[in-house]
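Structure, as structure tokens:
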Amino acid sequence: MPTAKSTLKRPLQPMPAAVRAALNERGLMTAYRARPPYQQNDYLGWIARARLEATKLKRLHQMLDELESGTLYMNMAWKPRAR
């Protein structure tokens with residue numbers, strides 16, 4: 001999760017226990033933490049804004065699949081910057 005000193009313009013989103021459990025279960029917490037803070041925050045907010053539980057689950061699975069592939073962010077091509 002982004003730190004309190006973050007430069008994010010949107011409010012920081014808390015990580016729900018179900019999201020944390022899903023990331024750990026699929027072994028994707030490291031991939032999640034490797035994403036920029038804005039992406040981490042956007043994913044959590046996007047999942048939280050869903051009204052229906054079915055929609056939350058669909059969005060959670062999309063996030064997990066994108067983290068696993070490592071080449072997508074919100075259905076858009078994404079490539080990590082070389083460090």
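Here's how to read the names in the structure tokens: chain A, B, ... by the order shown, residue numbers from 1 in each chain, ligand numbers from 1 in the order shown.
When DSSP is run on the backbone, the residues of chain A that fall into strand (DSSP E or B) are Leu72, Tyr73, Met76 and Ala77 of chain A.
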Filtering to N, CA and C atoms, could you give me those residues as an mmCIF file, in the first residue's frame?
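Written file, part-v1.cif:
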```
data_model
loop_
_atom_site.group_PDB
_atom_site.id
_atom_site.type_symbol
_atom_site.label_atom_id
_atom_site.label_comp_id
_atom_site.auth_asym_id
_atom_site.auth_seq_id
_atom_site.Cartn_x
_atom_site.Cartn_y
_atom_site.Cartn_z
ATOM 1 N N LEU A 72 -0.251 -6.161 -18.304
ATOM 2 C CA LEU A 72 -1.491 -5.397 -18.409
ATOM 3 C C LEU A 72 -1.757 -4.599 -17.140
ATOM 4 N N TYR A 73 -2.449 -3.482 -17.327
ATOM 5 C CA TYR A 73 -2.952 -2.680 -16.216
ATOM 6 C C TYR A 73 -4.298 -2.137 -16.663
ATOM 7 N N MET A 76 -5.066 -2.466 -20.265
ATOM 8 C CA MET A 76 -4.202 -1.726 -21.189
ATOM 9 C C MET A 76 -2.795 -2.315 -21.113
ATOM 10 N N ALA A 77 -2.089 -2.266 -22.216
ATOM 11 C CA ALA A 77 -0.707 -2.742 -22.218
ATOM 12 C C ALA A 77 0.101 -1.948 -21.208
#
```
Write out as a VMD selection string all residues of chain A that DSSP puts in alpha helix (DSSP H) for this structure's backbone. chain A and resid 17 to 25 29 to 34 37 to 49 53 to 69
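With only C-alpha atoms as the atoms that count, the minimum distance from A:Asn75 to the choices A:Arg26, A:Tyr43, A:Tyr38, A:Lys56 is reached by A:Tyr43.
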Please list as a ChimeraX atom specification every residue within 7 Å of A:Asn41, counting only C-alpha atoms and excluding residues in the same chain fewer than 3 positions away. /A:12-13,37-38,44-45
Need to verify the contact set: A:Gln62, 9 Å, only C-alpha atoms, exclusion of same-chain residues closer than 5 positions in sequence. Can you return it as a ChimeraX atom specification? /A:57,67,74-75
Print the selection's residues with C-alpha atoms to a file, as a compact mmCIF listing (two decimals), in the first residue's frame.
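Output saved as again-v7.txt:
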```txt
# COMPACT_ATOMS: atom_id res chain seq x y z
CA LEU A 57 -15.08 -10.77 -7.73
CA LEU A 67 -0.59 -9.14 -12.17
CA MET A 74 -6.72 -2.13 -16.33
CA ASN A 75 -6.88 -3.98 -19.67
```
A:Ile47: which residues within 12 Å, counting only C-alpha atoms, same-chain residues fewer than 3 positions away excluded, as a list in words? Gln13, Pro14, Met15, Pro16, Ala18, Val19, Gln40, Asn41, Asp42, Tyr43, Leu44, Ala50, Arg51, Leu52, Glu53, Ala54, Thr55, Lys56, Leu57, Lys58, Arg59, Leu60, His61, Gln62, Met63, Leu64 and Met74 of chain A
